[in-house]
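Source file: upload11.pdb; contents: PDB, C-alpha atoms and all ligand atoms.
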```
ATOM      1  CA  MET A  60     -34.977   6.731 -68.551  1.00  0.00           C
ATOM      2  CA  ILE A  61     -31.363   6.950 -69.632  1.00  0.00           C
ATOM      3  CA  PHE A  62     -29.581  10.204 -68.828  1.00  0.00           C
ATOM      4  CA  CYS A  63     -26.094  11.655 -69.213  1.00  0.00           C
ATOM      5  CA  LEU A  64     -24.105  13.875 -66.861  1.00  0.00           C
ATOM      6  CA  PRO A  65     -21.549  15.837 -68.906  1.00  0.00           C
ATOM      7  CA  GLU A  66     -18.262  16.653 -67.151  1.00  0.00           C
ATOM      8  CA  LEU A  67     -19.268  15.080 -63.854  1.00  0.00           C
ATOM      9  CA  ILE A  68     -15.739  15.234 -62.510  1.00  0.00           C
ATOM     10  CA  THR A  69     -13.196  18.044 -62.776  1.00  0.00           C
ATOM     11  CA  GLU A  70      -9.906  17.838 -64.725  1.00  0.00           C
ATOM     12  CA  ASP A  71      -8.058  17.499 -61.399  1.00  0.00           C
ATOM     13  CA  GLU A  72     -10.292  14.669 -60.245  1.00  0.00           C
ATOM     14  CA  HIS A  73      -9.829  12.958 -63.612  1.00  0.00           C
ATOM     15  CA  GLN A  74      -6.051  13.148 -63.239  1.00  0.00           C
ATOM     16  CA  ALA A  75      -6.272  11.837 -59.653  1.00  0.00           C
ATOM     17  CA  LEU A  76      -8.329   8.846 -60.814  1.00  0.00           C
ATOM     18  CA  LEU A  77      -5.940   8.105 -63.677  1.00  0.00           C
ATOM     19  CA  GLY A  78      -2.981   8.308 -61.298  1.00  0.00           C
ATOM     20  CA  TRP A  79      -4.509   5.810 -58.861  1.00  0.00           C
ATOM     21  CA  ILE A  80      -5.585   3.507 -61.688  1.00  0.00           C
ATOM     22  CA  ARG A  81      -2.171   3.527 -63.383  1.00  0.00           C
ATOM     23  CA  SER A  82      -0.511   2.438 -60.143  1.00  0.00           C
ATOM     24  CA  THR A  83      -2.802  -0.585 -59.741  1.00  0.00           C
ATOM     25  CA  GLU A  84      -2.897  -4.117 -61.122  1.00  0.00           C
ATOM     26  CA  PHE A  85      -6.053  -5.168 -62.925  1.00  0.00           C
ATOM     27  CA  SER A  86      -7.514  -8.647 -62.711  1.00  0.00           C
ATOM     28  CA  HIS A  87      -9.721 -10.559 -65.136  1.00  0.00           C
ATOM     29  CA  GLY A  88     -13.293  -9.190 -65.082  1.00  0.00           C
ATOM     30  CA  GLY A  89     -14.867 -12.636 -65.366  1.00  0.00           C
ATOM     31  CA  ARG A  90     -14.117 -13.137 -61.645  1.00  0.00           C
ATOM     32  CA  THR A  91     -16.849 -10.760 -60.467  1.00  0.00           C
ATOM     33  CA  VAL A  92     -19.777 -12.482 -62.212  1.00  0.00           C
ATOM     34  CA  GLY A  93     -21.348 -15.945 -62.315  1.00  0.00           C
ATOM     35  CA  GLN A  94     -20.367 -18.675 -64.754  1.00  0.00           C
ATOM     36  CA  ALA A  95     -22.846 -17.697 -67.493  1.00  0.00           C
ATOM     37  CA  LEU A  96     -21.756 -14.040 -67.639  1.00  0.00           C
ATOM     38  CA  ALA A  97     -18.075 -14.958 -67.360  1.00  0.00           C
ATOM     39  CA  GLN A  98     -18.415 -16.505 -70.849  1.00  0.00           C
ATOM     40  CA  ILE A  99     -19.308 -13.140 -72.393  1.00  0.00           C
ATOM     41  CA  LYS A 100     -17.379 -10.744 -70.140  1.00  0.00           C
ATOM     42  CA  HIS A 101     -13.962  -9.994 -71.546  1.00  0.00           C
ATOM     43  CA  ASN A 102     -12.415  -7.077 -69.677  1.00  0.00           C
ATOM     44  CA  ASP A 103     -10.018  -6.276 -66.837  1.00  0.00           C
ATOM     45  CA  GLU A 104     -11.102  -4.770 -63.528  1.00  0.00           C
ATOM     46  CA  ILE A 105     -10.022  -3.153 -60.293  1.00  0.00           C
ATOM     47  CA  THR A 106     -12.469  -4.442 -57.692  1.00  0.00           C
ATOM     48  CA  GLY A 107     -13.544  -3.584 -54.146  1.00  0.00           C
ATOM     49  CA  GLU A 108     -11.026  -6.096 -52.779  1.00  0.00           C
ATOM     50  CA  GLN A 109      -8.216  -3.702 -53.736  1.00  0.00           C
ATOM     51  CA  SER A 110      -7.474  -0.868 -51.300  1.00  0.00           C
ATOM     52  CA  ILE A 111      -7.160   1.739 -54.073  1.00  0.00           C
ATOM     53  CA  ASN A 112     -10.832   1.130 -54.785  1.00  0.00           C
ATOM     54  CA  GLN A 113     -11.711   3.130 -51.652  1.00  0.00           C
ATOM     55  CA  PRO A 114     -10.443   6.581 -52.694  1.00  0.00           C
ATOM     56  CA  ILE A 115     -11.727   5.926 -56.216  1.00  0.00           C
ATOM     57  CA  SER A 116     -15.213   5.091 -54.879  1.00  0.00           C
ATOM     58  CA  ARG A 117     -15.191   8.077 -52.544  1.00  0.00           C
ATOM     59  CA  LEU A 118     -14.229  10.521 -55.288  1.00  0.00           C
ATOM     60  CA  VAL A 119     -16.810   9.202 -57.751  1.00  0.00           C
ATOM     61  CA  MET A 120     -19.643   9.019 -55.224  1.00  0.00           C
ATOM     62  CA  GLN A 121     -18.937  12.540 -53.942  1.00  0.00           C
ATOM     63  CA  ALA A 122     -18.994  13.843 -57.505  1.00  0.00           C
ATOM     64  CA  LEU A 123     -22.335  12.109 -58.148  1.00  0.00           C
ATOM     65  CA  ARG A 124     -23.834  13.426 -54.898  1.00  0.00           C
ATOM     66  CA  ARG A 125     -22.986  17.028 -55.745  1.00  0.00           C
ATOM     67  CA  ASN A 126     -24.643  16.772 -59.175  1.00  0.00           C
ATOM     68  CA  GLU A 127     -28.195  18.106 -59.054  1.00  0.00           C
ATOM     69  CA  THR A 128     -29.431  16.044 -62.025  1.00  0.00           C
ATOM     70  CA  PHE A 129     -28.069  12.836 -60.525  1.00  0.00           C
ATOM     71  CA  VAL A 130     -29.617  13.573 -57.129  1.00  0.00           C
ATOM     72  CA  SER A 131     -33.078  14.386 -58.460  1.00  0.00           C
ATOM     73  CA  ALA A 132     -33.222  11.839 -61.286  1.00  0.00           C
ATOM     74  CA  THR A 133     -31.949   8.878 -59.241  1.00  0.00           C
ATOM     75  CA  GLN A 134     -33.193   9.723 -55.730  1.00  0.00           C
ATOM     76  CA  ALA A 135     -30.129   7.723 -54.692  1.00  0.00           C
ATOM     77  CA  ARG A 136     -30.471   6.036 -51.332  1.00  0.00           C
ATOM     78  CA  THR A 137     -27.306   3.920 -51.236  1.00  0.00           C
ATOM     79  CA  MET A 138     -24.227   3.318 -53.356  1.00  0.00           C
ATOM     80  CA  ASN A 139     -21.702   0.731 -52.268  1.00  0.00           C
ATOM     81  CA  THR A 140     -19.501  -0.634 -55.019  1.00  0.00           C
ATOM     82  CA  VAL A 141     -17.620   0.766 -57.946  1.00  0.00           C
ATOM     83  CA  LEU A 142     -15.388  -1.117 -60.346  1.00  0.00           C
ATOM     84  CA  VAL A 143     -12.776   0.281 -62.673  1.00  0.00           C
ATOM     85  CA  ASN A 144     -12.831  -1.530 -65.995  1.00  0.00           C
ATOM     86  CA  ARG A 145     -10.508  -1.617 -68.978  1.00  0.00           C
ATOM     87  CA  TYR A 146     -11.084  -2.973 -72.474  1.00  0.00           C
ATOM     88  CA  GLY A 147      -8.132  -3.368 -74.823  1.00  0.00           C
ATOM     89  CA  PRO A 148      -8.294  -4.572 -78.448  1.00  0.00           C
ATOM     90  CA  GLY A 149     -10.465  -7.682 -78.796  1.00  0.00           C
ATOM     91  CA  MET A 150     -12.240  -7.125 -75.468  1.00  0.00           C
ATOM     92  CA  PHE A 151     -16.014  -6.720 -75.067  1.00  0.00           C
ATOM     93  CA  TYR A 152     -18.890  -7.503 -72.719  1.00  0.00           C
ATOM     94  CA  GLY A 153     -21.828  -9.306 -74.350  1.00  0.00           C
ATOM     95  CA  ALA A 154     -25.519  -8.593 -73.795  1.00  0.00           C
ATOM     96  CA  HIS A 155     -26.557  -8.909 -70.146  1.00  0.00           C
ATOM     97  CA  VAL A 156     -28.425  -7.368 -67.256  1.00  0.00           C
ATOM     98  CA  ASP A 157     -26.498  -6.673 -64.065  1.00  0.00           C
ATOM     99  CA  ALA A 158     -27.163  -8.681 -60.911  1.00  0.00           C
ATOM    100  CA  PRO A 159     -30.206  -7.461 -58.948  1.00  0.00           C
ATOM    101  CA  ILE A 160     -28.320  -7.502 -55.631  1.00  0.00           C
ATOM    102  CA  ILE A 161     -24.760  -6.188 -55.598  1.00  0.00           C
ATOM    103  CA  GLY A 162     -21.971  -5.901 -53.055  1.00  0.00           C
ATOM    104  CA  HIS A 163     -20.920  -7.505 -49.838  1.00  0.00           C
ATOM    105  CA  PRO A 164     -20.860  -7.306 -46.892  1.00  0.00           C
ATOM    106  CA  ASN A 165     -23.521  -4.601 -47.398  1.00  0.00           C
ATOM    107  CA  PRO A 166     -25.560  -5.567 -50.442  1.00  0.00           C
ATOM    108  CA  ILE A 167     -27.827  -3.097 -52.219  1.00  0.00           C
ATOM    109  CA  ARG A 168     -30.627  -3.593 -54.727  1.00  0.00           C
ATOM    110  CA  SER A 169     -29.293  -2.354 -58.048  1.00  0.00           C
ATOM    111  CA  ASP A 170     -31.920   0.060 -59.377  1.00  0.00           C
ATOM    112  CA  LEU A 171     -29.567   2.130 -61.552  1.00  0.00           C
ATOM    113  CA  SER A 172     -26.180   1.497 -63.143  1.00  0.00           C
ATOM    114  CA  PHE A 173     -23.717   4.139 -64.236  1.00  0.00           C
ATOM    115  CA  THR A 174     -20.575   4.367 -66.347  1.00  0.00           C
ATOM    116  CA  LEU A 175     -18.088   7.198 -65.881  1.00  0.00           C
ATOM    117  CA  PHE A 176     -16.008   7.367 -69.075  1.00  0.00           C
ATOM    118  CA  LEU A 177     -12.316   8.068 -68.426  1.00  0.00           C
ATOM    119  CA  ALA A 178     -10.714   7.720 -71.869  1.00  0.00           C
ATOM    120  CA  ASP A 179     -10.860  10.250 -74.691  1.00  0.00           C
ATOM    121  CA  PRO A 180     -13.277   8.731 -77.269  1.00  0.00           C
ATOM    122  CA  GLU A 181     -10.817   9.599 -80.066  1.00  0.00           C
ATOM    123  CA  SER A 182      -8.198   7.388 -78.438  1.00  0.00           C
ATOM    124  CA  TYR A 183     -10.049   4.098 -79.042  1.00  0.00           C
ATOM    125  CA  ASP A 184     -12.346   2.489 -81.618  1.00  0.00           C
ATOM    126  CA  GLY A 185     -15.405   0.475 -80.620  1.00  0.00           C
ATOM    127  CA  GLY A 186     -16.235   0.227 -76.933  1.00  0.00           C
ATOM    128  CA  GLU A 187     -19.683   1.819 -77.209  1.00  0.00           C
ATOM    129  CA  LEU A 188     -22.102   1.052 -74.385  1.00  0.00           C
ATOM    130  CA  VAL A 189     -25.218  -0.161 -76.179  1.00  0.00           C
ATOM    131  CA  PHE A 190     -28.832  -0.549 -75.015  1.00  0.00           C
ATOM    132  CA  GLU A 191     -31.690  -2.450 -76.511  1.00  0.00           C
ATOM    133  CA  SER A 192     -34.628  -0.113 -77.020  1.00  0.00           C
ATOM    134  CA  GLY A 193     -37.613  -1.702 -78.743  1.00  0.00           C
ATOM    135  CA  ASN A 194     -36.236  -2.974 -82.057  1.00  0.00           C
ATOM    136  CA  GLN A 195     -33.396  -0.423 -82.045  1.00  0.00           C
ATOM    137  CA  GLU A 196     -29.969  -0.201 -80.494  1.00  0.00           C
ATOM    138  CA  MET A 197     -28.836   2.975 -78.744  1.00  0.00           C
ATOM    139  CA  ALA A 198     -25.059   3.324 -78.560  1.00  0.00           C
ATOM    140  CA  PHE A 199     -23.158   5.722 -76.272  1.00  0.00           C
ATOM    141  CA  LYS A 200     -19.519   6.688 -76.269  1.00  0.00           C
ATOM    142  CA  LEU A 201     -19.198   9.746 -74.065  1.00  0.00           C
ATOM    143  CA  PRO A 202     -16.332  12.193 -73.638  1.00  0.00           C
ATOM    144  CA  ALA A 203     -13.953  11.524 -70.767  1.00  0.00           C
ATOM    145  CA  ARG A 204     -15.312  12.793 -67.379  1.00  0.00           C
ATOM    146  CA  SER A 205     -18.944  12.240 -68.444  1.00  0.00           C
ATOM    147  CA  VAL A 206     -21.419   9.750 -67.013  1.00  0.00           C
ATOM    148  CA  ILE A 207     -24.302   7.732 -68.392  1.00  0.00           C
ATOM    149  CA  CYS A 208     -26.888   6.426 -65.946  1.00  0.00           C
ATOM    150  CA  TYR A 209     -29.580   3.843 -66.801  1.00  0.00           C
ATOM    151  CA  PRO A 210     -32.078   1.498 -65.153  1.00  0.00           C
ATOM    152  CA  THR A 211     -30.194  -1.661 -64.207  1.00  0.00           C
ATOM    153  CA  GLY A 212     -32.928  -3.915 -65.612  1.00  0.00           C
ATOM    154  CA  GLN A 213     -32.102  -2.723 -69.131  1.00  0.00           C
ATOM    155  CA  LEU A 214     -30.298  -5.152 -71.463  1.00  0.00           C
ATOM    156  CA  HIS A 215     -26.901  -3.680 -72.378  1.00  0.00           C
ATOM    157  CA  TRP A 216     -23.488  -4.595 -73.746  1.00  0.00           C
ATOM    158  CA  VAL A 217     -20.072  -3.091 -74.536  1.00  0.00           C
ATOM    159  CA  ARG A 218     -18.975  -3.407 -78.160  1.00  0.00           C
ATOM    160  CA  GLU A 219     -15.591  -4.877 -78.922  1.00  0.00           C
ATOM    161  CA  VAL A 220     -12.697  -2.425 -78.724  1.00  0.00           C
ATOM    162  CA  THR A 221     -10.670  -2.653 -81.942  1.00  0.00           C
ATOM    163  CA  ARG A 222      -8.011  -0.014 -81.230  1.00  0.00           C
ATOM    164  CA  GLY A 223      -6.684   1.699 -78.119  1.00  0.00           C
ATOM    165  CA  GLU A 224      -8.045   1.315 -74.615  1.00  0.00           C
ATOM    166  CA  ARG A 225     -11.435   2.078 -73.082  1.00  0.00           C
ATOM    167  CA  LEU A 226     -11.195   2.945 -69.400  1.00  0.00           C
ATOM    168  CA  ALA A 227     -14.239   3.563 -67.159  1.00  0.00           C
ATOM    169  CA  VAL A 228     -15.625   3.426 -63.650  1.00  0.00           C
ATOM    170  CA  VAL A 229     -18.930   1.597 -63.268  1.00  0.00           C
ATOM    171  CA  GLY A 230     -21.219   1.479 -60.250  1.00  0.00           C
ATOM    172  CA  TRP A 231     -24.717   0.864 -58.950  1.00  0.00           C
ATOM    173  CA  VAL A 232     -27.316   2.841 -57.058  1.00  0.00           C
ATOM    174  CA  GLN A 233     -30.190   1.789 -54.837  1.00  0.00           C
ATOM    175  CA  SER A 234     -32.910   4.382 -55.224  1.00  0.00           C
ATOM    176  CA  LEU A 235     -35.519   5.513 -52.721  1.00  0.00           C
ATOM    177  CA  ILE A 236     -37.959   4.746 -55.575  1.00  0.00           C
ATOM    178  CA  ARG A 237     -37.718   1.215 -56.911  1.00  0.00           C
ATOM    179  CA  ASP A 238     -40.008   1.573 -59.932  1.00  0.00           C
ATOM    180  CA  PRO A 239     -38.282   3.310 -62.894  1.00  0.00           C
ATOM    181  CA  ALA A 240     -41.578   4.780 -64.166  1.00  0.00           C
ATOM    182  CA  MET A 241     -42.408   6.319 -60.780  1.00  0.00           C
ATOM    183  CA  ARG A 242     -38.831   7.590 -60.466  1.00  0.00           C
ATOM    184  CA  GLU A 243     -39.169   9.323 -63.815  1.00  0.00           C
ATOM    185  CA  LEU A 244     -42.555  10.766 -62.858  1.00  0.00           C
ATOM    186  CA  GLN A 245     -41.169  12.335 -59.660  1.00  0.00           C
ATOM    187  CA  TYR A 246     -38.232  13.723 -61.670  1.00  0.00           C
ATOM    188  CA  ASP A 247     -40.616  15.331 -64.177  1.00  0.00           C
ATOM    189  CA  VAL A 248     -42.678  16.904 -61.378  1.00  0.00           C
ATOM    190  CA  LEU A 249     -39.526  18.131 -59.647  1.00  0.00           C
ATOM    191  CA  ARG A 250     -38.239  19.713 -62.868  1.00  0.00           C
ATOM    192  CA  ALA A 251     -41.614  21.312 -63.546  1.00  0.00           C
ATOM    193  CA  ARG A 252     -41.605  22.711 -59.996  1.00  0.00           C
ATOM    194  CA  ASN A 253     -38.138  24.183 -60.489  1.00  0.00           C
ATOM    195  CA  LEU A 254     -39.055  25.658 -63.881  1.00  0.00           C
ATOM    196  CA  VAL A 255     -42.132  27.278 -62.372  1.00  0.00           C
ATOM    197  CA  ARG A 256     -40.030  28.733 -59.562  1.00  0.00           C
ATOM    198  CA  ALA A 257     -37.534  30.136 -62.084  1.00  0.00           C
ATOM    199  CA  SER A 258     -40.195  31.760 -64.257  1.00  0.00           C
ATOM    200  CA  LEU A 259     -42.984  32.671 -61.803  1.00  0.00           C
ATOM    201  CA  GLY A 260     -41.286  32.605 -58.396  1.00  0.00           C
ATOM    202  CA  GLN A 261     -42.623  30.807 -55.331  1.00  0.00           C
ATOM    203  CA  GLY A 262     -46.318  31.420 -55.924  1.00  0.00           C
ATOM    204  CA  GLU A 263     -49.384  29.219 -55.990  1.00  0.00           C
ATOM    205  CA  ALA A 264     -48.261  27.067 -58.958  1.00  0.00           C
ATOM    206  CA  PHE A 265     -44.925  26.349 -57.273  1.00  0.00           C
ATOM    207  CA  ASP A 266     -46.693  25.463 -54.011  1.00  0.00           C
ATOM    208  CA  LEU A 267     -48.966  22.982 -55.775  1.00  0.00           C
ATOM    209  CA  LEU A 268     -46.133  21.275 -57.643  1.00  0.00           C
ATOM    210  CA  ASN A 269     -44.023  21.219 -54.489  1.00  0.00           C
ATOM    211  CA  LYS A 270     -46.881  19.572 -52.625  1.00  0.00           C
ATOM    212  CA  ALA A 271     -47.408  17.070 -55.476  1.00  0.00           C
ATOM    213  CA  HIS A 272     -43.716  16.150 -55.441  1.00  0.00           C
ATOM    214  CA  ALA A 273     -43.565  15.796 -51.663  1.00  0.00           C
ATOM    215  CA  ASN A 274     -46.648  13.591 -51.669  1.00  0.00           C
ATOM    216  CA  LEU A 275     -45.333  11.471 -54.557  1.00  0.00           C
ATOM    217  CA  MET A 276     -42.197  10.864 -52.495  1.00  0.00           C
ATOM    218  CA  ARG A 277     -44.273  10.080 -49.390  1.00  0.00           C
ATOM    219  CA  ARG A 278     -46.329   7.606 -51.425  1.00  0.00           C
ATOM    220  CA  TYR A 279     -43.555   5.856 -53.339  1.00  0.00           C
ATOM    221  CA  ALA A 280     -40.244   6.261 -51.465  1.00  0.00           C
ATOM    222  CA  GLU A 281     -38.903   3.386 -49.389  1.00  0.00           C
ATOM    223  CA  THR A 282     -36.267   4.458 -46.864  1.00  0.00           C
TER     224      THR A 282
HETATM  225  O1  LIG A 301     -18.264  -0.492 -68.977  1.00  0.00           O
HETATM  226  C1  LIG A 301     -19.438  -0.243 -69.108  1.00  0.00           C
HETATM  227  O2  LIG A 301     -19.863   0.804 -69.641  1.00  0.00           O
HETATM  228  C2  LIG A 301     -20.491  -1.204 -68.590  1.00  0.00           C
HETATM  229  C3  LIG A 301     -19.906  -2.448 -68.030  1.00  0.00           C
HETATM  230  C4  LIG A 301     -20.995  -3.362 -67.571  1.00  0.00           C
HETATM  231  O3  LIG A 301     -21.996  -3.517 -68.219  1.00  0.00           O
HETATM  232  C5  LIG A 301     -20.862  -4.043 -66.275  1.00  0.00           C
HETATM  233  O4  LIG A 301     -19.803  -3.986 -65.644  1.00  0.00           O
HETATM  234  O5  LIG A 301     -21.852  -4.672 -65.863  1.00  0.00           O
HETATM  235 FE    FE A 302     -23.497  -4.391 -67.045  1.00  0.00          FE
END
```
Go ahead and render the structure in this file as structure tokens.
Ligand SMILES: O=C(O)CCC(=O)C(=O)O
Ligand SMILES: [Fe+2]
Amino acid sequence: MIFCLPELITEDEHQALLGWIRSTEFSHGGRTVGQALAQIKHNDEITGEQSINQPISRLVMQALRRNETFVSATQARTMNTVLVNRYGPGMFYGAHVDAPIIGHPNPIRSDLSFTLFLADPESYDGGELVFESGNQEMAFKLPARSVICYPTGQLHWVREVTRGERLAVVGWVQSLIRDPAMRELQYDVLRARNLVRASLGQGEAFDLLNKAHANLMRRYAET
């Protein structure tokens, strides 16, 4: 399941991120991946080695944690690393899947990946984040301040930027529920439970769905 979080961060938070990012040197993105991916990864990054990464990570993770859709759809257990990335004209990131284990000294299993778009989509051409879906491609270019979140095992790429500059924060989530299908099932049950509560109140139907959700979590969550 791929889902979007419109306007995840506020205007003020957006400005704070841009301020920190503008004051920081980027390095070549090929440094943070193995040799094979370095061949197809053409971007610039601010990585966890840089001290400014800490307030950036904190702001983004707090914003994700306060978003109800993110919390229920991901069942996030741990987040550890974010990267800021920048693609100018001629830059792109070819088709790949992200590493299964990410971050040190405290590695996590990457169950979900996210991109927080920071640049106005009108200000650059290209730069869509694209997914393979059956024999189709699904391309996303979200407004600034919005997030797309997707299962990390999904093949994806960033199309070449041909004008302007694409700026984003990317990161990874370890979920309490490893299996994407089970994660989606619990999210559906949780949404059904909440819809029932909104329309019928906390009666018998709510109690049953609440019990089903709790027992799905008990069965499938790994803490
Ligand atoms: O910038 C993006 O939207 C995704 C970048 C990416 O795929 C990665 O850093 O692994
Ligand atoms: Fe990626």
Tell me which residues the PyMOL selection byres (((chain A and resi 223) around 9) and not hetatm) grabs here, as a CSV table (one decimal) with C-alpha atoms, in the frame of the given file.
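Full text of out14.csv as output:
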```csv
chain,number,residue,atom,x,y,z
A,146,TYR,CA,-11.1,-3.0,-72.5
A,147,GLY,CA,-8.1,-3.4,-74.8
A,148,PRO,CA,-8.3,-4.6,-78.4
A,182,SER,CA,-8.2,7.4,-78.4
A,183,TYR,CA,-10.0,4.1,-79.0
A,184,ASP,CA,-12.3,2.5,-81.6
A,220,VAL,CA,-12.7,-2.4,-78.7
A,221,THR,CA,-10.7,-2.7,-81.9
A,222,ARG,CA,-8.0,0.0,-81.2
A,224,GLU,CA,-8.0,1.3,-74.6
A,225,ARG,CA,-11.4,2.1,-73.1
```
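Minimum atom-to-atom distances from A:Gln74, A:Asn112, A:Gln195, A:Gln213 to ligand LIG 301 (chain A) were compared using all atoms listed in the file, and the lowest value belongs to A:Gln213.
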#### Entry: Residues near Ser234 in chain A, cut-off 7 Å, all atoms listed in the file, skip fewer than 4 positions along chain, as a ChimeraX atom specification
/A:133-137,170
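Minimum distance to Val141 in chain A across A:Leu268, A:Ala203, A:Ala227, A:Ala240 (counting all atoms listed in the file) occurs at A:Ala227.
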Can you build me a table of chain A residues sitting at most 7 Å from ligand LIG 301 (chain A), with the closest atom pair per residue and its distance in Å to one decimal, using only C-alpha atoms and all ligand atoms, sorted by chain and residue number, as JSON lines?
```
{"residue": "A:Asn144", "atom": "CA", "partner": "A:LIG301", "partner_atom": "O1", "distance": 6.3}
{"residue": "A:Tyr152", "atom": "CA", "partner": "A:LIG301", "partner_atom": "O3", "distance": 6.8}
{"residue": "A:Asp157", "atom": "CA", "partner": "A:LIG301", "partner_atom": "O5", "distance": 5.4}
{"residue": "A:Thr174", "atom": "CA", "partner": "A:LIG301", "partner_atom": "O2", "distance": 4.9}
{"residue": "A:Leu188", "atom": "CA", "partner": "A:LIG301", "partner_atom": "O2", "distance": 5.3}
{"residue": "A:His215", "atom": "CA", "partner": "A:LIG301", "partner_atom": "O3", "distance": 6.4}
{"residue": "A:Trp216", "atom": "CA", "partner": "A:LIG301", "partner_atom": "O3", "distance": 5.8}
{"residue": "A:Val217", "atom": "CA", "partner": "A:LIG301", "partner_atom": "C1", "distance": 6.2}
{"residue": "A:Ala227", "atom": "CA", "partner": "A:LIG301", "partner_atom": "O1", "distance": 6.0}
{"residue": "A:Val229", "atom": "CA", "partner": "A:LIG301", "partner_atom": "O1", "distance": 6.1}
```
Expected file contents, prior selection, C-alpha atoms, as a short mmCIF file (atom, residue, chain, number, x, y, z; two decimals), keeping the file's coordinate frame:
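Generated output (part-v9.cif):
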```cif
data_model
loop_
_atom_site.label_atom_id
_atom_site.label_comp_id
_atom_site.auth_asym_id
_atom_site.auth_seq_id
_atom_site.Cartn_x
_atom_site.Cartn_y
_atom_site.Cartn_z
CA ASN A 144 -12.83 -1.53 -66.00
CA TYR A 152 -18.89 -7.50 -72.72
CA ASP A 157 -26.50 -6.67 -64.06
CA THR A 174 -20.58 4.37 -66.35
CA LEU A 188 -22.10 1.05 -74.39
CA HIS A 215 -26.90 -3.68 -72.38
CA TRP A 216 -23.49 -4.60 -73.75
CA VAL A 217 -20.07 -3.09 -74.54
CA ALA A 227 -14.24 3.56 -67.16
CA VAL A 229 -18.93 1.60 -63.27
#
```
### Task
List the neighbours of Thr69 in chain A out to 12 Å using all atoms listed in the file; skip same-chain residues closer than 5 positions along the sequence, and give me the result as JSON, numbers by chain.
{"A": [74, 75, 76, 118, 119, 121, 122, 123, 177, 203, 204, 205]}
Box for range 66-77 of chain A: with edges along x, y and z, all listed atoms inside and 5 Å added on each side, what are the centre and edge lengths in Å to one decimal, as AutoDock Vina command-line options?
```
--center_x -12.6 --center_y 13.1 --center_z -63.4 --size_x 23.3 --size_y 19.9 --size_z 17.5
```
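Of the residues listed (A:Lys100, A:Arg90, A:Arg117, A:His155), A:His155 shows the shortest atom-to-atom separation from ligand FE 302 (chain A); distances use all atoms listed in the file.
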Care to translate the PyMOL selection byres (((chain A and resi 166-168) around 12) and not hetatm) into actual residues of this file, as a PDB file with C-alpha atoms, in the frame of the given file?
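What ended up in expr.pdb:
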```pdb
ATOM      1  CA  ALA A 135     -30.129   7.723 -54.692  1.00  0.00           C
ATOM      2  CA  ARG A 136     -30.471   6.036 -51.332  1.00  0.00           C
ATOM      3  CA  THR A 137     -27.306   3.920 -51.236  1.00  0.00           C
ATOM      4  CA  MET A 138     -24.227   3.318 -53.356  1.00  0.00           C
ATOM      5  CA  ASN A 139     -21.702   0.731 -52.268  1.00  0.00           C
ATOM      6  CA  THR A 140     -19.501  -0.634 -55.019  1.00  0.00           C
ATOM      7  CA  ASP A 157     -26.498  -6.673 -64.065  1.00  0.00           C
ATOM      8  CA  ALA A 158     -27.163  -8.681 -60.911  1.00  0.00           C
ATOM      9  CA  PRO A 159     -30.206  -7.461 -58.948  1.00  0.00           C
ATOM     10  CA  ILE A 160     -28.320  -7.502 -55.631  1.00  0.00           C
ATOM     11  CA  ILE A 161     -24.760  -6.188 -55.598  1.00  0.00           C
ATOM     12  CA  GLY A 162     -21.971  -5.901 -53.055  1.00  0.00           C
ATOM     13  CA  HIS A 163     -20.920  -7.505 -49.838  1.00  0.00           C
ATOM     14  CA  PRO A 164     -20.860  -7.306 -46.892  1.00  0.00           C
ATOM     15  CA  ASN A 165     -23.521  -4.601 -47.398  1.00  0.00           C
ATOM     16  CA  SER A 169     -29.293  -2.354 -58.048  1.00  0.00           C
ATOM     17  CA  ASP A 170     -31.920   0.060 -59.377  1.00  0.00           C
ATOM     18  CA  LEU A 171     -29.567   2.130 -61.552  1.00  0.00           C
ATOM     19  CA  SER A 172     -26.180   1.497 -63.143  1.00  0.00           C
ATOM     20  CA  PRO A 210     -32.078   1.498 -65.153  1.00  0.00           C
ATOM     21  CA  THR A 211     -30.194  -1.661 -64.207  1.00  0.00           C
ATOM     22  CA  GLY A 212     -32.928  -3.915 -65.612  1.00  0.00           C
ATOM     23  CA  GLY A 230     -21.219   1.479 -60.250  1.00  0.00           C
ATOM     24  CA  TRP A 231     -24.717   0.864 -58.950  1.00  0.00           C
ATOM     25  CA  VAL A 232     -27.316   2.841 -57.058  1.00  0.00           C
ATOM     26  CA  GLN A 233     -30.190   1.789 -54.837  1.00  0.00           C
ATOM     27  CA  SER A 234     -32.910   4.382 -55.224  1.00  0.00           C
ATOM     28  CA  LEU A 235     -35.519   5.513 -52.721  1.00  0.00           C
ATOM     29  CA  ILE A 236     -37.959   4.746 -55.575  1.00  0.00           C
ATOM     30  CA  ARG A 237     -37.718   1.215 -56.911  1.00  0.00           C
ATOM     31  CA  ASP A 238     -40.008   1.573 -59.932  1.00  0.00           C
TER      32      ASP A 238
END
```
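Of note, CA of Ala271 in chain A and CA of Cys208 in chain A are spaced 25.4 Å apart.
Take the candidates A:Leu259, A:Ile115, A:Ile68, A:Ala97 and check each one against ligand FE 302 (chain A) using all atoms listed in the file; the shortest distance goes to A:Ala97.
The two atoms in question, CA of Ser192 in chain A and CA of Leu214 in chain A, are spaced 8.7 Å apart.
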### Message
I need the output of the PyMOL selection byres (((chain A and resi 84) around 10) and not hetatm) for this file as a list in words; which residues are they?
### Response
Ile80, Arg81, Ser82, Thr83, Phe85, Ser86, Asp103, Glu104, Ile105 and Gln109 of chain A
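Between CA of Val255 in chain A and CA of Lys270 in chain A the separation is 13.3 Å.
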